[in-house]
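Visitor: Next comes the structure file data-v6.cif, holding mmCIF, C-alpha atoms and all ligand atoms.
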data_target
#
loop_
_atom_site.label_atom_id
_atom_site.label_comp_id
_atom_site.auth_asym_id
_atom_site.auth_seq_id
_atom_site.Cartn_x
_atom_site.Cartn_y
_atom_site.Cartn_z
CA MET A 1 72.08 174.09 133.38
CA GLY A 2 68.29 174.42 133.83
CA GLU A 3 66.34 177.38 132.48
CA ASP A 4 66.05 178.90 135.98
CA GLN A 5 69.80 178.84 136.54
CA ALA A 6 70.53 180.12 133.03
CA ILE A 7 68.32 183.17 133.59
CA GLN A 8 69.77 183.85 137.04
CA ALA A 9 73.31 183.55 135.74
CA GLN A 10 72.70 186.53 133.45
CA GLU A 11 73.43 190.00 134.78
CA THR A 12 70.02 191.42 135.70
CA LYS A 13 69.23 194.98 136.66
CA SER A 14 66.84 195.35 139.57
CA PHE A 15 63.11 195.54 138.99
CA SER A 16 61.25 198.81 139.05
CA LEU A 17 57.65 199.55 138.06
CA ASP A 18 58.87 202.51 135.98
CA ASP A 19 60.77 200.08 133.75
CA PHE A 20 57.97 197.50 133.60
CA VAL A 21 56.23 197.30 130.22
CA TYR A 22 52.92 195.44 130.50
CA GLU A 23 52.36 192.80 127.79
CA ARG A 24 49.36 190.72 128.77
CA THR A 25 47.24 189.38 131.60
CA LEU A 26 47.99 185.74 132.42
CA SER A 27 44.90 185.29 134.57
CA ASN A 28 42.42 187.28 136.60
CA ASN A 29 40.82 185.67 139.64
CA ALA A 30 37.67 187.58 140.58
CA ASN A 31 37.08 185.45 143.70
CA ARG A 32 40.49 186.17 145.14
CA LYS A 33 40.65 189.67 143.65
CA VAL A 34 44.07 188.96 142.25
CA ILE A 35 45.44 189.57 138.77
CA PHE A 36 48.60 188.04 137.26
CA THR A 37 50.23 190.22 134.63
CA LEU A 38 53.20 189.58 132.40
CA GLY A 39 55.53 192.19 131.00
CA LYS A 40 59.15 193.02 130.39
CA CYS A 41 61.63 194.90 132.53
CA HIS A 42 65.02 195.65 130.94
CA GLU A 43 64.06 193.17 128.18
CA MET A 44 63.60 190.34 130.70
CA PRO A 45 60.21 188.73 131.46
CA ALA A 46 58.60 189.92 134.70
CA ILE A 47 55.39 188.84 136.42
CA VAL A 48 53.53 191.37 138.55
CA ILE A 49 50.82 189.89 140.77
CA LEU A 50 48.41 192.46 142.22
CA GLU A 51 46.03 191.52 145.01
CA LYS A 52 43.41 193.56 146.88
CA ILE A 53 44.02 193.12 150.59
CA SER A 54 41.41 192.16 153.19
CA PHE A 55 40.07 194.59 155.76
CA THR A 56 41.42 194.03 159.25
CA ASP A 57 39.38 193.97 162.47
CA GLU A 58 41.63 196.79 163.73
CA GLN A 59 40.51 199.14 160.94
CA PHE A 60 36.87 198.61 161.92
CA ASN A 61 37.02 198.28 165.69
CA GLY A 62 34.57 201.05 166.54
CA THR A 63 37.16 203.65 167.54
CA ASP A 64 37.48 207.22 166.23
CA ASP A 65 39.75 205.89 163.49
CA THR A 66 36.89 203.78 162.14
CA SER A 67 34.54 206.76 162.07
CA SER A 68 37.12 208.91 160.32
CA ILE A 69 37.62 206.25 157.61
CA LEU A 70 33.93 206.56 156.74
CA LYS A 71 33.69 210.35 157.25
CA ASN A 72 36.52 210.87 154.80
CA ALA A 73 34.97 208.53 152.23
CA SER A 74 32.55 209.53 149.48
CA LEU A 75 29.75 207.56 147.84
CA GLU A 76 29.07 207.29 144.12
CA LYS A 77 25.61 205.89 143.50
CA ILE A 78 25.09 202.80 141.33
CA MET A 79 21.38 202.24 142.00
CA GLU A 80 18.61 202.89 144.51
CA ASN A 81 15.32 201.06 145.04
CA ASP A 82 13.07 201.53 148.07
CA ILE A 83 15.27 201.03 151.13
CA TYR A 84 18.12 199.52 149.06
CA GLN A 85 21.04 201.23 147.38
CA ASN A 86 24.33 200.27 145.86
CA ASN A 87 27.36 202.58 145.71
CA PHE A 88 30.99 202.73 144.95
CA CYS A 89 32.76 203.99 148.06
CA LYS A 90 35.95 206.00 147.57
CA VAL A 91 38.19 205.82 150.62
CA ASP A 92 41.60 207.09 151.66
CA SER A 93 44.39 205.61 149.53
CA GLU A 94 45.98 204.04 152.64
CA LEU A 95 42.95 201.76 152.85
CA ASN A 96 43.26 200.89 149.21
CA LYS A 97 46.79 199.51 149.12
CA LEU A 98 47.45 196.51 146.88
CA LYS A 99 49.85 193.69 147.64
CA ALA A 100 52.26 193.43 144.70
CA THR A 101 54.32 190.27 144.27
CA ILE A 102 57.06 190.48 141.65
CA ILE A 103 58.82 187.56 139.99
CA TYR A 104 61.80 188.87 138.06
CA PRO A 105 63.24 187.53 135.90
CA ALA A 106 60.37 185.08 135.43
CA THR A 107 60.92 181.73 133.72
CA ASP A 108 58.58 180.03 131.22
CA LYS A 109 57.56 177.75 134.07
CA HIS A 110 56.42 180.72 136.19
CA ILE A 111 54.52 182.13 133.19
CA SER A 112 52.87 178.76 132.68
CA LYS A 113 52.04 178.41 136.40
CA TYR A 114 50.11 181.70 136.50
CA SER A 115 48.40 181.36 133.10
CA GLU A 116 44.72 180.50 132.86
CA GLN A 117 44.48 176.82 131.92
CA ASN A 118 42.69 173.55 132.55
CA ILE A 119 43.68 171.47 135.53
CA TYR A 120 43.53 167.68 135.84
CA VAL A 121 43.69 165.15 138.68
CA PHE A 122 45.89 162.03 138.50
CA ASN A 123 46.53 159.06 140.76
CA GLU A 124 50.19 158.45 141.44
CA THR A 125 51.03 154.89 142.47
CA PRO A 126 54.49 154.24 144.00
CA GLU A 127 55.56 152.75 140.66
CA LEU A 128 54.37 155.80 138.72
CA TYR A 129 56.19 158.03 141.19
CA LYS A 130 59.46 156.29 140.39
CA SER A 131 58.98 155.87 136.66
CA VAL A 132 57.15 159.10 135.69
CA THR A 133 56.99 161.75 138.43
CA LEU A 134 60.55 161.56 139.72
CA PRO A 135 62.29 161.72 136.31
CA CYS A 136 59.96 164.55 135.29
CA LEU A 137 60.56 166.65 138.39
CA GLU A 138 64.31 166.05 138.26
CA LYS A 139 64.26 167.75 134.83
CA GLU A 140 61.48 170.25 135.35
CA GLN A 141 61.17 171.53 138.91
CA PHE A 142 61.37 175.16 140.07
CA ASN A 143 64.75 175.89 141.52
CA CYS A 144 64.92 176.09 145.32
CA ASP A 145 67.48 178.91 145.63
CA TRP A 146 65.05 181.05 147.63
CA VAL A 147 64.78 178.16 150.16
CA TYR A 148 68.58 177.90 150.54
CA ASN A 149 68.78 181.70 150.84
CA VAL A 150 66.48 181.44 153.85
CA LEU A 151 68.31 178.47 155.40
CA GLU A 152 71.65 180.27 155.03
CA HIS A 153 70.32 183.61 156.33
CA ARG A 154 71.08 185.31 153.00
CA HIS A 155 67.53 186.62 152.54
CA GLU A 156 64.52 187.15 154.81
CA ALA A 157 66.69 186.60 157.92
CA ASP A 158 64.90 189.46 159.69
CA ARG A 159 61.55 187.75 159.03
CA ILE A 160 62.35 184.46 160.74
CA ILE A 161 59.88 183.81 163.54
CA ILE A 162 61.74 180.87 165.08
CA GLU A 163 64.53 178.60 163.96
CA ASP A 164 65.90 175.28 165.11
CA LEU A 165 69.26 174.64 163.44
CA ASP A 166 69.40 170.89 164.12
CA PRO A 167 70.30 169.26 160.75
CA GLU A 168 67.81 166.39 161.20
CA ILE A 169 64.82 167.82 163.08
CA GLY A 170 65.44 171.55 162.57
CA PHE A 171 63.48 174.11 160.51
CA MET A 172 62.92 177.82 160.01
CA LEU A 173 59.48 179.39 160.35
CA LEU A 174 58.78 182.63 158.47
CA PRO A 175 55.93 184.52 156.78
CA ASP A 176 54.97 183.07 153.42
CA LEU A 177 55.44 185.09 150.23
CA LYS A 178 51.64 185.01 149.84
CA TRP A 179 51.14 186.94 153.10
CA ASP A 180 51.61 190.68 153.66
CA GLY A 181 52.82 189.83 157.18
CA VAL A 182 50.42 192.18 158.95
CA THR A 183 46.82 191.20 158.19
CA ALA A 184 46.07 188.77 161.03
CA GLU A 185 42.91 187.57 159.24
CA THR A 186 45.04 186.06 156.45
CA MET A 187 47.95 184.78 158.55
CA TYR A 188 50.14 182.45 156.47
CA VAL A 189 53.56 181.25 157.64
CA THR A 190 55.75 178.44 156.36
CA ALA A 191 58.22 176.10 158.08
CA ILE A 192 61.15 175.10 155.87
CA ILE A 193 63.12 172.08 157.09
CA MET A 194 66.92 172.15 157.46
CA ASN A 195 67.38 168.69 155.92
CA ARG A 196 67.85 169.06 152.15
CA ASN A 197 67.11 165.45 151.28
CA ILE A 198 63.36 165.29 151.75
CA LYS A 199 61.59 166.42 148.61
CA SER A 200 57.96 165.98 149.61
CA ILE A 201 55.66 163.87 151.77
CA ARG A 202 56.45 160.98 149.36
CA ASP A 203 59.89 160.72 151.04
CA LEU A 204 58.59 160.72 154.62
CA ARG A 205 59.26 157.60 156.74
CA GLU A 206 59.08 156.58 160.40
CA CYS A 207 62.54 158.09 161.06
CA HIS A 208 61.10 161.53 160.23
CA LEU A 209 58.48 161.48 162.99
CA PRO A 210 60.73 163.46 165.41
CA LEU A 211 61.13 166.14 162.69
CA LEU A 212 57.37 166.38 162.13
CA GLU A 213 56.56 166.42 165.86
CA ASN A 214 59.23 169.06 166.45
CA ILE A 215 57.82 171.32 163.71
CA LYS A 216 54.30 170.82 164.95
CA SER A 217 54.90 171.66 168.59
CA LYS A 218 57.40 174.51 168.15
CA CYS A 219 55.59 176.23 165.28
CA LEU A 220 52.17 176.11 166.92
CA THR A 221 53.66 177.56 170.11
CA ALA A 222 55.45 180.31 168.18
CA ILE A 223 52.29 181.18 166.21
CA LYS A 224 50.34 181.48 169.46
CA GLU A 225 53.03 183.69 171.01
CA LYS A 226 53.59 185.94 168.00
CA TYR A 227 50.13 186.21 166.46
CA GLY A 228 47.85 185.14 169.33
CA VAL A 229 46.28 182.36 167.24
CA ASN A 230 45.48 179.16 169.16
CA SER A 231 46.64 175.83 167.77
CA ASN A 232 43.02 174.77 167.23
CA GLN A 233 42.58 177.73 164.85
CA VAL A 234 45.59 176.93 162.70
CA ARG A 235 45.53 174.83 159.52
CA ALA A 236 48.89 172.98 159.27
CA TYR A 237 49.46 171.03 156.05
CA PHE A 238 51.67 169.97 153.15
CA HIS A 239 51.01 170.30 149.44
CA TYR A 240 51.24 167.31 147.16
CA GLN A 241 52.57 167.93 144.56
CA PRO A 242 54.40 170.95 145.96
CA SER A 243 55.86 173.64 143.71
CA TYR A 244 59.25 173.42 145.48
CA TYR A 245 60.67 169.98 146.23
CA HIS A 246 62.23 170.79 149.58
CA LEU A 247 59.89 169.77 152.39
CA HIS A 248 57.98 172.62 154.01
CA VAL A 249 54.82 172.91 156.09
CA HIS A 250 52.12 175.56 155.51
CA PHE A 251 50.40 177.14 158.53
CA ASN A 252 47.46 179.46 158.12
CA TYR A 253 44.57 180.93 160.04
CA LEU A 254 41.67 178.49 159.82
CA LYS A 255 39.09 181.11 158.84
CA TYR A 256 41.21 182.16 155.86
CA ASP A 257 40.62 180.12 152.70
CA ALA A 258 44.22 180.22 151.50
CA PRO A 259 44.99 179.04 147.95
CA GLY A 260 45.81 175.32 147.78
CA ILE A 261 43.83 174.13 150.82
CA PHE A 262 41.52 171.83 148.90
CA CYS A 263 41.42 168.06 149.39
CA GLU A 264 43.11 167.30 146.07
CA LYS A 265 46.26 169.13 147.20
CA ALA A 266 46.45 169.58 151.00
CA HIS A 267 47.59 166.89 153.46
CA LEU A 268 47.10 167.83 157.11
CA LEU A 269 50.28 167.61 159.21
CA ASN A 270 48.36 165.67 161.87
CA THR A 271 47.08 163.14 159.36
CA VAL A 272 50.55 162.66 157.86
CA ILE A 273 52.01 162.03 161.34
CA ASP A 274 49.22 159.62 162.17
CA ASN A 275 49.48 157.71 158.87
CA ILE A 276 53.21 157.14 159.46
CA LYS A 277 52.58 156.03 163.05
CA MET A 278 50.10 153.42 161.79
CA VAL A 279 52.12 152.34 158.75
CA PRO A 280 55.80 153.38 158.98
CA ASN A 281 56.29 153.38 155.19
CA TYR A 282 52.80 154.70 154.38
CA TYR A 283 54.10 157.32 151.92
CA GLU A 284 56.24 154.76 150.16
CA LYS A 285 53.22 152.52 149.54
CA ALA A 286 50.31 154.94 149.12
CA THR A 287 48.69 155.99 145.90
CA LEU A 288 48.61 159.77 146.12
CA SER A 289 46.31 161.92 144.03
CA PHE A 290 47.54 165.22 142.71
CA THR A 291 46.54 167.92 140.29
CA ALA A 292 48.55 169.30 137.42
CA ARG A 293 47.97 172.20 135.05
CA GLU A 294 47.51 171.57 131.36
CA ASN A 295 50.85 173.22 130.46
CA ASP A 296 52.89 171.23 133.03
CA LYS A 297 55.24 168.56 131.65
CA LEU A 298 54.01 166.28 134.44
CA CYS A 299 50.46 166.67 133.18
CA ALA A 300 51.47 165.71 129.65
CA ALA A 301 53.38 162.68 130.97
CA TYR A 302 50.40 161.40 132.96
CA LYS A 303 47.93 162.12 130.16
CA SER A 304 50.04 160.09 127.74
CA ILE A 305 49.90 157.08 130.12
CA ALA A 306 46.11 157.26 130.24
CA GLU A 307 45.81 157.28 126.43
O1 LIG B 401 53.21 174.64 146.69
P1 LIG B 401 54.29 174.57 147.70
O2 LIG B 401 53.91 173.61 148.80
O3 LIG B 401 55.63 174.23 147.11
O4 LIG B 401 54.38 175.99 148.37
C1 LIG B 401 55.51 176.79 148.40
C2 LIG B 401 55.23 178.00 149.27
O5 LIG B 401 56.41 178.79 149.35
C3 LIG B 401 54.12 178.88 148.74
O6 LIG B 401 53.14 179.08 149.75
C4 LIG B 401 54.83 180.16 148.33
O7 LIG B 401 54.04 181.32 148.48
C5 LIG B 401 56.03 180.16 149.26
N1 LIG B 401 57.17 180.90 148.70
C6 LIG B 401 57.62 180.86 147.43
N2 LIG B 401 58.68 181.68 147.31
C7 LIG B 401 59.42 181.89 146.07
C8 LIG B 401 58.93 182.24 148.53
C9 LIG B 401 59.92 183.16 149.00
O8 LIG B 401 60.81 183.66 148.29
N3 LIG B 401 59.84 183.48 150.34
C10 LIG B 401 58.86 182.98 151.16
N4 LIG B 401 58.85 183.37 152.43
N5 LIG B 401 57.93 182.10 150.72
C11 LIG B 401 57.96 181.75 149.42
#
I need this file expressed as structure tokens, please.
Ligand code: G7M
Guide:
Amino acid sequence: MGEDQAIQAQETKSFSLDDFVYERTLSNNANRKVIFTLGKCHEMPAIVILEKISFTDEQFNGTDDTSSILKNASLEKIMENDIYQNNFCKVDSELNKLKATIIYPATDKHISKYSEQNIYVFNETPELYKSVTLPCLEKEQFNCDWVYNVLEHRHEADRIIIEDLDPEIGFMLLPDLKWDGVTAETMYVTAIIMNRNIKSIRDLRECHLPLLENIKSKCLTAIKEKYGVNSNQVRAYFHYQPSYYHLHVHFNYLKYDAPGIFCEKAHLLNTVIDNIKMVPNYYEKATLSFTARENDKLCAAYKSIAE
């Protein structure tokens, strides 16, 4: 039994902030205005992630509501010089809500994932995938129970935007954990495929083109219908390496710099489709770069090869 399963098998009481005892900050990202804290709840490790949320266009659309936001605010001066001044602005608490993501009980792997640490880039040849990556992730990956809960309508069923239950080309599209589900400016939804045998883009072959095309066309249409975002304003991509080895596609609003969109990690859905059309076993033959955090077992394995 892996560590994840062992922890989940224990009887756990539900999380509440009243019972959370803060221990330490794992990391604090000033750019993203997000802090990752670790503590205990009922003697079990818990991670509380607090994030300041973006303003929405609706809050500042020039109506009376916008004026009242500012009329009810107060300024606390920091400095003044000629025509320039800097202030803290205290606004209504509704405008100051934080997004709080809770992982409870958290495993050592979650604690490691959110801890401040160095990150390295490696090149994974097909041979290294088989001899190093695959054995490592078979032992060390995050468990995918949350994915199966979605696919079996046990959790988040009311959040599903569209679903196609076909076992080969089907998927479910729903808001990502990273999104509050309301701030259009940070739209982030994820399509999880029905097929449980495709771990990552590494496993994709020509026979999966109908799956990829199906996800692309149905999800982009659904995003347009539900959120009014045109397909040419949506970033659709995979992560390599992913955190969860059950294939899923990320969709976010192009103007939003979501975490994990950089070239060392993101593979555009369109590019993946096109690569496979040109070379049917492209992802079997390609050397794929990926990043790993210092504390990851995969990082240690690749570093030891380089030495
Ligand atoms: O890095 P990777 O490609 O594996 O991304 C996994 C995605 O799944 C991330 O964007 C997470 O925010 C998202 N995610 C993780 N969990 C545990 C959940 C969950 O329970 N529900 C939803 N809707 N998304 C999740």
Visitor: Could you make a table, as CSV, of the residues of chain A that have an atom within 10 Å of an atom of ligand LIG 401 (chain B), each with its nearest atom pair and distance in Å to one decimal, counting only C-alpha atoms and all ligand atoms, in chain and number order?
Guide:
residue,atom,partner,partner_atom,distance
A:Thr101,CA,B:LIG401,O7,9.9
A:Ile102,CA,B:LIG401,C7,9.9
A:Ile103,CA,B:LIG401,C7,8.3
A:Phe142,CA,B:LIG401,O3,9.1
A:Asn143,CA,B:LIG401,C7,9.2
A:Cys144,CA,B:LIG401,C7,8.0
A:Asp145,CA,B:LIG401,C7,8.6
A:Trp146,CA,B:LIG401,O8,5.0
A:Val147,CA,B:LIG401,O8,7.0
A:Tyr148,CA,B:LIG401,O8,9.9
A:Asn149,CA,B:LIG401,O8,8.6
A:Val150,CA,B:LIG401,N3,7.8
A:His155,CA,B:LIG401,O8,8.5
A:Glu156,CA,B:LIG401,N4,7.2
A:Arg159,CA,B:LIG401,N4,8.4
A:Ile160,CA,B:LIG401,N4,9.1
A:Leu173,CA,B:LIG401,N4,8.9
A:Leu174,CA,B:LIG401,N4,6.1
A:Pro175,CA,B:LIG401,N4,5.4
A:Asp176,CA,B:LIG401,N4,4.0
A:Leu177,CA,B:LIG401,N5,3.9
A:Lys178,CA,B:LIG401,O7,4.6
A:Trp179,CA,B:LIG401,O7,7.8
A:Tyr188,CA,B:LIG401,O6,8.1
A:Val189,CA,B:LIG401,N4,7.7
A:Thr190,CA,B:LIG401,N4,7.0
A:Ala191,CA,B:LIG401,N4,9.2
A:Ile192,CA,B:LIG401,O5,8.9
A:Lys199,CA,B:LIG401,O3,9.9
A:Ser200,CA,B:LIG401,O2,8.7
A:Tyr237,CA,B:LIG401,O2,8.9
A:Phe238,CA,B:LIG401,O2,6.1
A:His239,CA,B:LIG401,O2,4.4
A:Tyr240,CA,B:LIG401,O2,7.0
A:Gln241,CA,B:LIG401,O1,7.1
A:Pro242,CA,B:LIG401,O3,3.7
A:Ser243,CA,B:LIG401,O3,3.5
A:Tyr244,CA,B:LIG401,O3,4.1
A:Tyr245,CA,B:LIG401,O3,6.7
A:His246,CA,B:LIG401,O3,7.8
A:Leu247,CA,B:LIG401,O2,8.0
A:His248,CA,B:LIG401,O2,6.7
A:Val249,CA,B:LIG401,O2,7.4
A:His250,CA,B:LIG401,O6,6.8
A:Phe251,CA,B:LIG401,O6,9.4
A:Ala258,CA,B:LIG401,O6,9.2
A:Pro259,CA,B:LIG401,O6,8.3
A:Gly260,CA,B:LIG401,O1,7.5
A:Lys265,CA,B:LIG401,O1,8.9
A:Ala266,CA,B:LIG401,O2,8.8
Visitor: Just how far from CA of Cys299 in chain A is CA of Phe122 in chain A, in Å to one decimal?
Guide: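 Interatomic distance, CA of Phe122 in chain A to CA of Cys299 in chain A: 8.4 Å.
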Visitor: Given all atoms listed in the file as the basis, pick out the residue of A:Asn195, A:Ser304, A:Thr221, A:Ser115 nearest to Asn29 in chain A.
Guide: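 Using all atoms listed in the file, the shortest distance to Asn29 in chain A belongs to A:Ser115.
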Visitor: Show which residues sit within 6 Å of Asn252 in chain A, as a list in words. Count all atoms listed in the file, and ignore same-chain residues fewer than 3 positions away.
Guide: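 With the cut-off at 6 Å, the set is Met187, Tyr188, Val234 and Arg235 of chain A.
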Visitor: Excluding same-chain residues fewer than 5 positions from Gly228 in chain A, what lies within 12 Å of it counting all atoms listed in the file, as number ranges by chain?
Guide: A: 184-185, 187, 220-223, 233-234, 253
Visitor: Considering all atoms listed in the file, can you say which of A:Thr25, A:Ser289, A:Asn281, A:Gln85 comes closest to Leu38 in chain A?
Guide: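 Of the candidates, the smallest distance to Leu38 in chain A is held by A:Thr25.
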Visitor: Ranking A:Ala306, A:Ala106, A:Met194, A:Val132 by minimum distance to Glu152 in chain A and counting only C-alpha atoms, which one comes first?
Guide: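 Counting only C-alpha atoms, the residue closest to Glu152 in chain A is A:Met194.
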Visitor: Tell me, in Å to one decimal, how far CA of Arg293 in chain A is from CA of Tyr114 in chain A.
Guide: 9.8 Å
Visitor: I'd like the neighbourhood of Arg202 in chain A as an mmCIF file with C-alpha atoms, in the frame of the given file, where a residue qualifies if any of its atoms comes within 9 Å (using all atoms listed in the file), though same-chain residues fewer than 5 positions away should be ignored.
Guide:
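Written file, part-v3.cif:
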data_model
loop_
_atom_site.group_PDB
_atom_site.id
_atom_site.type_symbol
_atom_site.label_atom_id
_atom_site.label_comp_id
_atom_site.auth_asym_id
_atom_site.auth_seq_id
_atom_site.Cartn_x
_atom_site.Cartn_y
_atom_site.Cartn_z
ATOM 1 C CA PRO A 126 54.490 154.240 144.000
ATOM 2 C CA TYR A 129 56.190 158.030 141.190
ATOM 3 C CA TYR A 240 51.240 167.310 147.160
ATOM 4 C CA TYR A 282 52.800 154.700 154.380
ATOM 5 C CA TYR A 283 54.100 157.320 151.920
ATOM 6 C CA GLU A 284 56.240 154.760 150.160
ATOM 7 C CA ALA A 286 50.310 154.940 149.120
ATOM 8 C CA LEU A 288 48.610 159.770 146.120
#
Visitor: Pick from A:Glu116, A:Asp296, A:Glu168, A:Glu94: nearest to His208 in chain A, with only C-alpha atoms counted?
Guide: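 Of the candidates, the smallest distance to His208 in chain A is held by A:Glu168.
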Visitor: Near Glu43 in chain A, counting all atoms listed in the file, which residues have an atom at most 10 Å away, once you skip same-chain residues fewer than 6 positions from it, shown as a list in words?
Guide: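 Here the answer would be Thr12, Asp19, Phe20, Val21 and Pro105 of chain A.
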Visitor: At a cut-off of 9 Å, using all atoms listed in the file, what residues contact Ala73 in chain A? Leave out same-chain residues fewer than 2 positions from it and give the result as a list in words.
Guide: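 Surrounding residues, per the criterion: Ser68, Ile69, Leu70, Lys71, Leu75, Cys89, Lys90, Val91 and Asp92 of chain A.
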